[in-house]
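Asker: Got a structure for you, written out below as structure tokens; questions coming shortly.
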Amino acid sequence: MTVDQLALLFALLLGAVVSVPVGERLRLPAPVLMTVFGIVLALLEFVPNVDVPPELILPLLLPPLLYAAVRRTSWRQFAANVRPILLLAVALVFVTTFCVAVVAHAIVPGLPLAAAVALGALVAPPDPVAATAVAGKLGLPRRLVSILEGEGLFNDVTAIVLYHVAVAAAVSGTFSPWSAGLDLILSAVVAVAVGLVLGWAANKAMDLLGDPTLQVALTLLVPFAAYVLAEELHGSGVLGVLVTALFLVEYATDADDVTARLAGHTFWDIVDTLVTGVAFGLVGLELHNAVETASGHWGELLGWSAVVVGVVVFVRLAWLLPATWLTKRMHTERDVGEDIPLSWRETVVMWWSGMRGVASVALALAIPLETDSGAGFPARPEIIFMAFGVVLGTLLVQGLTLPWLVGKLGVRGDTGHEKEMERKLAVRAAKAAKRRLREIEDVEDLPEELSEQLLRRAFDLGVRISPDMADDERREATRQRAERLKRVRRIEHEMLSAARHEVLTARSEPGADPEVVDRVLRHLDVRSLR
């Protein structure tokens with residue numbers, strides 16, 4: 001990588017950091033801002049072209065992005081929402097691919113059906129990062145965010161397999177539906193097997209490592225290992241990462257490992273922010289590929305791209321309306337935890353949240369240059385241009401207008417339901433603490449005064465999480481104790497601050513051992529978190 005390329009990477013990383021507060025202030029999604037930033041850089045003559053091999057874009061960017069997204073959910077949530085996810089992540093991808101392929105084959109001269117299917121597959125899946133990053137900042141109902149997350153995480157699996165089948169057919173000139181169906185099934189089976197085995201092995205390795213720093217470092221390596229291993233065994237790398245991440249989220253969580261959990265959350269928040277920014281910055285920077293393709297026949301390419309964008313957007317709406325109705329009809333009171341849109345307004349927001357992103361760009365750029373016969377891949381430049389048209393059209397138009405649409409429709413999260421759930425969890429937490437206290441009292445002889453004090457603390461534990469669980473009198477008493485505790489903690493914070501300053505001063509004194517100083521400082525930092 002040249003110095004110019006490193007400088008460009010640094011600019012994208014810096015933009016990823018800056019775009020978050022700027023986006024919050026402007027009430028615009030950070031991924032959309034990064035895409036605009038990438039477009040601006042691509043239009044500047046002194047900025048070098050991106051020199052990243054297309055076949056490396058997905059393996060480098062998707063694993064950490066998928067792993068970070070899965071950490072915010074759980075297997076139970078996916079299992080509860082299997083019907084909405086299947087309707088969107090699998091069925092809708094097939095329908096969109098088919099419709100785009102038919103229309104593109106009809107309007108683009110010389111575009112074979114296999115190449116048209118490849119185009120349809122690469123523009124079919126909405127980007128999981130764009131959808132969750134945009135939807136998560138708008139205060140949407142949790143059920144909508146859950147469906148968008150589930151769709152975004154699983155639709156890439158279906159689309160990438162369809163893409164590979166279509167590209168193979170275009171390159172070889174032959175296509176077998178039975179062979180394609182078998183490839184799809186085998187790809188999924190291999191990926192699930194790889195994900196489960198690697199998740200189990202990573203879980204055992206974390207127990208052996210013990211140190212939180214090493215555990216977090218391992219979680220960074222695991223997504224890449226899952227992707228590469230699944231791909232090498234002719235499975236779906238995306239599905240391999242998802243299964244591995246879901247396994248670790250479900251089984252590798254130790255309730256008492258506070259340090260590792262805090263370090264892991266902080267680390268993956270940083271990774272998510274930086275990789276997301278770079279990914280969408282690259283989407284904008286790759287604009288030069290589309291510009292080079294369009295030289296000489298802008299009119300035709302822009303017209304074709306507009307038609308494909310229209311097909312993608314219309315098919316999503318045409319599918320969502322009956323799919324939402326069908327899901328509601330199938331939904332029963334026994335389907336505990338299943339998230340479905342409750343109104344036409346929520347369905348419209350789901351429709352307008354179908355933005356395409358980095359996966360579509362990477363798949364478009366990864367189309368082979370030649371077929372097995374030595375001829376050029378049919379209509380490759382046109383496919384790349386139309387793919388960029390769909391990505392930029394949906395990201396910029398839908399991404400920039402989604403906050404306005406949400407405000408106009410008045411779609412907001414059910415804060416009352418969330419507070420009630422929070423209150424119930426606070427009650428459960430307080431009861432669990434009290435039960436443990438009773439168990440300890442049965443074994444140890446605690447003074448009555450200490451027992452009452454610990455009992456109050458168990459109750460206060462729940463009240464601090466959800467003040468609504470206490471009655472007025474207890475709430476006032478708890479408030480007063482909280483004020484006293486706040487005062488004590490403020491003073492203790494100042495005391496610890498003085499202690500840390502003193503230790504840091506000792507670090508620069510002659511004869512001081514920096515490692516010992518840092519170890520003492522780490523103890524003070526951990527104490528400050530309590």
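Each chain of the structure tokens is named A, B, ... in the order shown, its residues numbered from 1; ligands are numbered from 1 in display order.
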Give me the residues near A:Gly23 as a short mmCIF file (atom, residue, chain, number, x, y, z; two decimals) with C-alpha atoms, in the first residue's frame, where near means some atom within 10 Å (using only C-alpha atoms) and where sequence neighbours in that chain fewer than 5 positions away do not count.

Answerer:
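Below is the file around.cif, written as the result:
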data_model
loop_
_atom_site.label_atom_id
_atom_site.label_comp_id
_atom_site.auth_asym_id
_atom_site.auth_seq_id
_atom_site.Cartn_x
_atom_site.Cartn_y
_atom_site.Cartn_z
CA VAL A 18 -16.15 12.92 12.95
CA LEU A 28 -28.49 12.56 9.52
CA PRO A 29 -27.17 8.96 9.48
CA ALA A 30 -23.39 8.70 9.78
CA PRO A 31 -23.12 6.04 6.97
CA VAL A 32 -24.88 8.40 4.57
CA LEU A 33 -22.53 11.25 5.54
CA MET A 34 -19.53 8.96 4.98
CA LYS A 137 -30.81 6.49 15.68
#

Asker: Write out as number ranges by chain which residues come within 9 Å of stretch 501-505 of chain A when counting only C-alpha atoms, dropping same-chain ones fewer than 2 positions away.

Answerer: A: 496-499, 507-509, 517-518, 520-521

Asker: Export, as a PDB file, in the first residue's frame, the selected residues with N, CA, C and O atoms.

Answerer:
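And here is the file that came out, again_34.pdb:
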ATOM      1  N   LEU A 496     -10.102   9.760  44.517  1.00  0.00           N
ATOM      2  CA  LEU A 496      -9.446   8.858  43.572  1.00  0.00           C
ATOM      3  C   LEU A 496      -8.722   9.636  42.477  1.00  0.00           C
ATOM      4  O   LEU A 496      -7.659   9.223  42.003  1.00  0.00           O
ATOM      5  N   SER A 497      -9.290  10.773  42.078  1.00  0.00           N
ATOM      6  CA  SER A 497      -8.629  11.605  41.075  1.00  0.00           C
ATOM      7  C   SER A 497      -7.288  12.104  41.597  1.00  0.00           C
ATOM      8  O   SER A 497      -6.279  12.092  40.879  1.00  0.00           O
ATOM      9  N   ALA A 498      -7.281  12.545  42.865  1.00  0.00           N
ATOM     10  CA  ALA A 498      -6.020  12.994  43.473  1.00  0.00           C
ATOM     11  C   ALA A 498      -5.012  11.847  43.526  1.00  0.00           C
ATOM     12  O   ALA A 498      -3.810  12.042  43.266  1.00  0.00           O
ATOM     13  N   ALA A 499      -5.520  10.635  43.858  1.00  0.00           N
ATOM     14  CA  ALA A 499      -4.632   9.478  43.924  1.00  0.00           C
ATOM     15  C   ALA A 499      -4.049   9.155  42.549  1.00  0.00           C
ATOM     16  O   ALA A 499      -2.848   8.867  42.420  1.00  0.00           O
ATOM     17  N   ARG A 507       5.191   8.435  37.826  1.00  0.00           N
ATOM     18  CA  ARG A 507       5.639   7.729  36.620  1.00  0.00           C
ATOM     19  C   ARG A 507       6.819   8.414  35.957  1.00  0.00           C
ATOM     20  O   ARG A 507       7.651   7.761  35.293  1.00  0.00           O
ATOM     21  N   SER A 508       6.901   9.741  36.080  1.00  0.00           N
ATOM     22  CA  SER A 508       7.983  10.489  35.436  1.00  0.00           C
ATOM     23  C   SER A 508       9.155  10.759  36.365  1.00  0.00           C
ATOM     24  O   SER A 508      10.093  11.448  35.989  1.00  0.00           O
ATOM     25  N   GLU A 509       9.100  10.231  37.599  1.00  0.00           N
ATOM     26  CA  GLU A 509      10.203  10.442  38.540  1.00  0.00           C
ATOM     27  C   GLU A 509      11.353   9.488  38.240  1.00  0.00           C
ATOM     28  O   GLU A 509      11.127   8.376  37.733  1.00  0.00           O
ATOM     29  N   VAL A 517       3.838   1.302  37.931  1.00  0.00           N
ATOM     30  CA  VAL A 517       2.956   2.466  38.036  1.00  0.00           C
ATOM     31  C   VAL A 517       1.630   2.202  37.304  1.00  0.00           C
ATOM     32  O   VAL A 517       0.544   2.479  37.822  1.00  0.00           O
ATOM     33  N   ASP A 518       1.711   1.639  36.099  1.00  0.00           N
ATOM     34  CA  ASP A 518       0.496   1.364  35.330  1.00  0.00           C
ATOM     35  C   ASP A 518      -0.378   0.322  36.013  1.00  0.00           C
ATOM     36  O   ASP A 518      -1.614   0.384  35.939  1.00  0.00           O
ATOM     37  N   VAL A 520      -0.651  -0.152  39.297  1.00  0.00           N
ATOM     38  CA  VAL A 520      -1.330   0.542  40.395  1.00  0.00           C
ATOM     39  C   VAL A 520      -2.435   1.440  39.844  1.00  0.00           C
ATOM     40  O   VAL A 520      -3.545   1.504  40.391  1.00  0.00           O
ATOM     41  N   LEU A 521      -2.148   2.114  38.737  1.00  0.00           N
ATOM     42  CA  LEU A 521      -3.139   3.000  38.132  1.00  0.00           C
ATOM     43  C   LEU A 521      -4.352   2.216  37.647  1.00  0.00           C
ATOM     44  O   LEU A 521      -5.491   2.683  37.771  1.00  0.00           O
TER      45      LEU A 521
END

Asker: Quick one, how far is atom CA of A:Leu365 from atom CA of A:Ser179?

Answerer: 25.4 Å

Asker: Taking only C-alpha atoms into account, which of A:Val102, A:Leu184, A:Ile383, A:Leu86 comes nearest A:Pro368?

Answerer: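 Closest residue, counting only C-alpha atoms: A:Ile383.
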
Asker: What are the nearest atom pairs, with distances in Å to one decimal, for all residues of stretch 217-329 of chain A that come at most 10 Å from stretch 188-209 of chain A, using only C-alpha atoms, set out by chain and rising residue number as JSON lines?

Answerer:
{"residue": "A:Leu218", "atom": "CA", "partner": "A:Met206", "partner_atom": "CA", "distance": 7.7}
{"residue": "A:Thr219", "atom": "CA", "partner": "A:Ala202", "partner_atom": "CA", "distance": 8.1}
{"residue": "A:Leu221", "atom": "CA", "partner": "A:Ala202", "partner_atom": "CA", "distance": 9.8}
{"residue": "A:Val222", "atom": "CA", "partner": "A:Ala202", "partner_atom": "CA", "distance": 7.3}
{"residue": "A:Pro223", "atom": "CA", "partner": "A:Gly195", "partner_atom": "CA", "distance": 9.5}
{"residue": "A:Ala225", "atom": "CA", "partner": "A:Leu198", "partner_atom": "CA", "distance": 8.3}
{"residue": "A:Ala226", "atom": "CA", "partner": "A:Gly195", "partner_atom": "CA", "distance": 6.4}
{"residue": "A:Tyr227", "atom": "CA", "partner": "A:Ala191", "partner_atom": "CA", "distance": 8.7}
{"residue": "A:Leu229", "atom": "CA", "partner": "A:Val194", "partner_atom": "CA", "distance": 7.3}
{"residue": "A:Ala230", "atom": "CA", "partner": "A:Ala191", "partner_atom": "CA", "distance": 5.4}
{"residue": "A:Glu231", "atom": "CA", "partner": "A:Ala191", "partner_atom": "CA", "distance": 8.2}
{"residue": "A:Leu233", "atom": "CA", "partner": "A:Val190", "partner_atom": "CA", "distance": 7.1}
{"residue": "A:His234", "atom": "CA", "partner": "A:Val190", "partner_atom": "CA", "distance": 7.4}
{"residue": "A:Gly235", "atom": "CA", "partner": "A:Ala191", "partner_atom": "CA", "distance": 5.0}
{"residue": "A:Ser236", "atom": "CA", "partner": "A:Ala191", "partner_atom": "CA", "distance": 5.3}
{"residue": "A:Gly237", "atom": "CA", "partner": "A:Ala191", "partner_atom": "CA", "distance": 6.6}
{"residue": "A:Val238", "atom": "CA", "partner": "A:Ala191", "partner_atom": "CA", "distance": 8.1}
{"residue": "A:Leu239", "atom": "CA", "partner": "A:Ala191", "partner_atom": "CA", "distance": 5.7}
{"residue": "A:Gly240", "atom": "CA", "partner": "A:Ala191", "partner_atom": "CA", "distance": 4.4}
{"residue": "A:Val241", "atom": "CA", "partner": "A:Gly195", "partner_atom": "CA", "distance": 6.4}
{"residue": "A:Leu242", "atom": "CA", "partner": "A:Gly195", "partner_atom": "CA", "distance": 7.4}
{"residue": "A:Val243", "atom": "CA", "partner": "A:Gly195", "partner_atom": "CA", "distance": 4.8}
{"residue": "A:Thr244", "atom": "CA", "partner": "A:Gly195", "partner_atom": "CA", "distance": 4.2}
{"residue": "A:Ala245", "atom": "CA", "partner": "A:Gly199", "partner_atom": "CA", "distance": 7.1}
{"residue": "A:Leu246", "atom": "CA", "partner": "A:Gly199", "partner_atom": "CA", "distance": 8.3}
{"residue": "A:Phe247", "atom": "CA", "partner": "A:Gly199", "partner_atom": "CA", "distance": 5.6}
{"residue": "A:Leu248", "atom": "CA", "partner": "A:Gly199", "partner_atom": "CA", "distance": 5.9}
{"residue": "A:Val249", "atom": "CA", "partner": "A:Gly199", "partner_atom": "CA", "distance": 9.5}
{"residue": "A:Tyr251", "atom": "CA", "partner": "A:Asn203", "partner_atom": "CA", "distance": 7.5}
{"residue": "A:Ala252", "atom": "CA", "partner": "A:Asn203", "partner_atom": "CA", "distance": 5.6}
{"residue": "A:Thr253", "atom": "CA", "partner": "A:Asn203", "partner_atom": "CA", "distance": 9.2}
{"residue": "A:Asp254", "atom": "CA", "partner": "A:Asp207", "partner_atom": "CA", "distance": 10.0}

Asker: Could you save those same residues with C-alpha atoms as a JSON list (two decimals), in the first residue's frame?

Answerer:
[["chain", "number", "residue", "atom", "x", "y", "z"],
["A", 218, "LEU", "CA", -9.69, -13.37, 20.11],
["A", 219, "THR", "CA", -13.17, -12.04, 19.32],
["A", 221, "LEU", "CA", -9.95, -12.85, 14.97],
["A", 222, "VAL", "CA", -12.91, -15.22, 15.19],
["A", 223, "PRO", "CA", -15.20, -13.49, 12.60],
["A", 225, "ALA", "CA", -11.60, -17.11, 10.72],
["A", 226, "ALA", "CA", -15.27, -18.11, 10.38],
["A", 227, "TYR", "CA", -15.64, -16.29, 7.05],
["A", 229, "LEU", "CA", -12.89, -21.20, 6.75],
["A", 230, "ALA", "CA", -16.49, -21.41, 5.52],
["A", 231, "GLU", "CA", -15.53, -20.00, 2.11],
["A", 233, "LEU", "CA", -14.95, -25.32, 2.44],
["A", 234, "HIS", "CA", -17.38, -23.95, -0.21],
["A", 235, "GLY", "CA", -19.86, -22.72, 2.36],
["A", 236, "SER", "CA", -21.37, -19.30, 2.98],
["A", 237, "GLY", "CA", -18.85, -17.10, 4.77],
["A", 238, "VAL", "CA", -21.55, -14.68, 5.87],
["A", 239, "LEU", "CA", -23.67, -17.43, 7.43],
["A", 240, "GLY", "CA", -20.56, -18.89, 9.07],
["A", 241, "VAL", "CA", -19.87, -15.55, 10.79],
["A", 242, "LEU", "CA", -23.50, -15.21, 11.88],
["A", 243, "VAL", "CA", -23.67, -18.69, 13.43],
["A", 244, "THR", "CA", -20.32, -18.24, 15.19],
["A", 245, "ALA", "CA", -21.33, -14.85, 16.57],
["A", 246, "LEU", "CA", -24.75, -16.08, 17.72],
["A", 247, "PHE", "CA", -23.11, -19.05, 19.49],
["A", 248, "LEU", "CA", -20.66, -16.80, 21.33],
["A", 249, "VAL", "CA", -23.34, -14.28, 22.29],
["A", 251, "TYR", "CA", -22.87, -19.24, 25.46],
["A", 252, "ALA", "CA", -19.70, -17.20, 26.02],
["A", 253, "THR", "CA", -21.18, -14.67, 28.45],
["A", 254, "ASP", "CA", -20.05, -14.88, 32.07]]

Asker: When DSSP works through the backbone of this structure, what residues of stretch 152-365 of chain A end up as alpha helix (DSSP H), shown as a count of residues only?

Answerer: 176

Asker: Pull the closest atom pair for each residue of stretch 154-217 of chain A that gets at most 10 Å from stretch 92-98 of chain A, along with the distance in Å to one decimal, counting only C-alpha atoms, ordering rows by chain and then ascending residue number, as CSV.

Answerer:
residue,atom,partner,partner_atom,distance
A:Asn155,CA,A:Val93,CA,6.7
A:Asp156,CA,A:Val93,CA,8.8
A:Val157,CA,A:Val93,CA,9.9
A:Thr158,CA,A:Val93,CA,7.0
A:Ala159,CA,A:Val93,CA,6.4
A:Leu162,CA,A:Phe94,CA,8.4
A:Tyr163,CA,A:Thr97,CA,9.4

Asker: Please produce a file of the residues just selected, as an mmCIF file, in the first residue's frame, where the atoms kept are N, CA, C and O atoms.

Answerer:
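Output file out.cif is given in full below:
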data_model
loop_
_atom_site.group_PDB
_atom_site.id
_atom_site.type_symbol
_atom_site.label_atom_id
_atom_site.label_comp_id
_atom_site.auth_asym_id
_atom_site.auth_seq_id
_atom_site.Cartn_x
_atom_site.Cartn_y
_atom_site.Cartn_z
ATOM 1 N N ASN A 155 -30.099 -11.647 4.763
ATOM 2 C CA ASN A 155 -30.362 -11.553 3.324
ATOM 3 C C ASN A 155 -29.081 -11.639 2.496
ATOM 4 O O ASN A 155 -29.113 -12.063 1.337
ATOM 5 N N ASP A 156 -27.939 -11.238 3.075
ATOM 6 C CA ASP A 156 -26.677 -11.352 2.348
ATOM 7 C C ASP A 156 -26.348 -12.807 2.038
ATOM 8 O O ASP A 156 -25.735 -13.109 1.010
ATOM 9 N N VAL A 157 -26.723 -13.705 2.954
ATOM 10 C CA VAL A 157 -26.458 -15.131 2.730
ATOM 11 C C VAL A 157 -27.141 -15.585 1.445
ATOM 12 O O VAL A 157 -26.516 -16.182 0.555
ATOM 13 N N THR A 158 -28.434 -15.309 1.338
ATOM 14 C CA THR A 158 -29.199 -15.717 0.154
ATOM 15 C C THR A 158 -28.676 -15.036 -1.104
ATOM 16 O O THR A 158 -28.462 -15.682 -2.138
ATOM 17 N N ALA A 159 -28.450 -13.731 -1.020
ATOM 18 C CA ALA A 159 -28.045 -12.974 -2.204
ATOM 19 C C ALA A 159 -26.674 -13.402 -2.715
ATOM 20 O O ALA A 159 -26.467 -13.531 -3.931
ATOM 21 N N LEU A 162 -26.904 -16.759 -4.526
ATOM 22 C CA LEU A 162 -27.521 -16.543 -5.842
ATOM 23 C C LEU A 162 -26.538 -15.876 -6.805
ATOM 24 O O LEU A 162 -26.461 -16.231 -7.995
ATOM 25 N N TYR A 163 -25.803 -14.914 -6.302
ATOM 26 C CA TYR A 163 -24.817 -14.192 -7.117
ATOM 27 C C TYR A 163 -23.762 -15.154 -7.662
ATOM 28 O O TYR A 163 -23.441 -15.130 -8.864
#

Asker: Which is closer to A:Arg356 than all the others in A:Asp127, A:Glu24, A:Glu292, A:Asp4, using only C-alpha atoms?

Answerer: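 Ranking A:Asp127, A:Glu24, A:Glu292, A:Asp4 by distance to A:Arg356, first place goes to A:Asp127.
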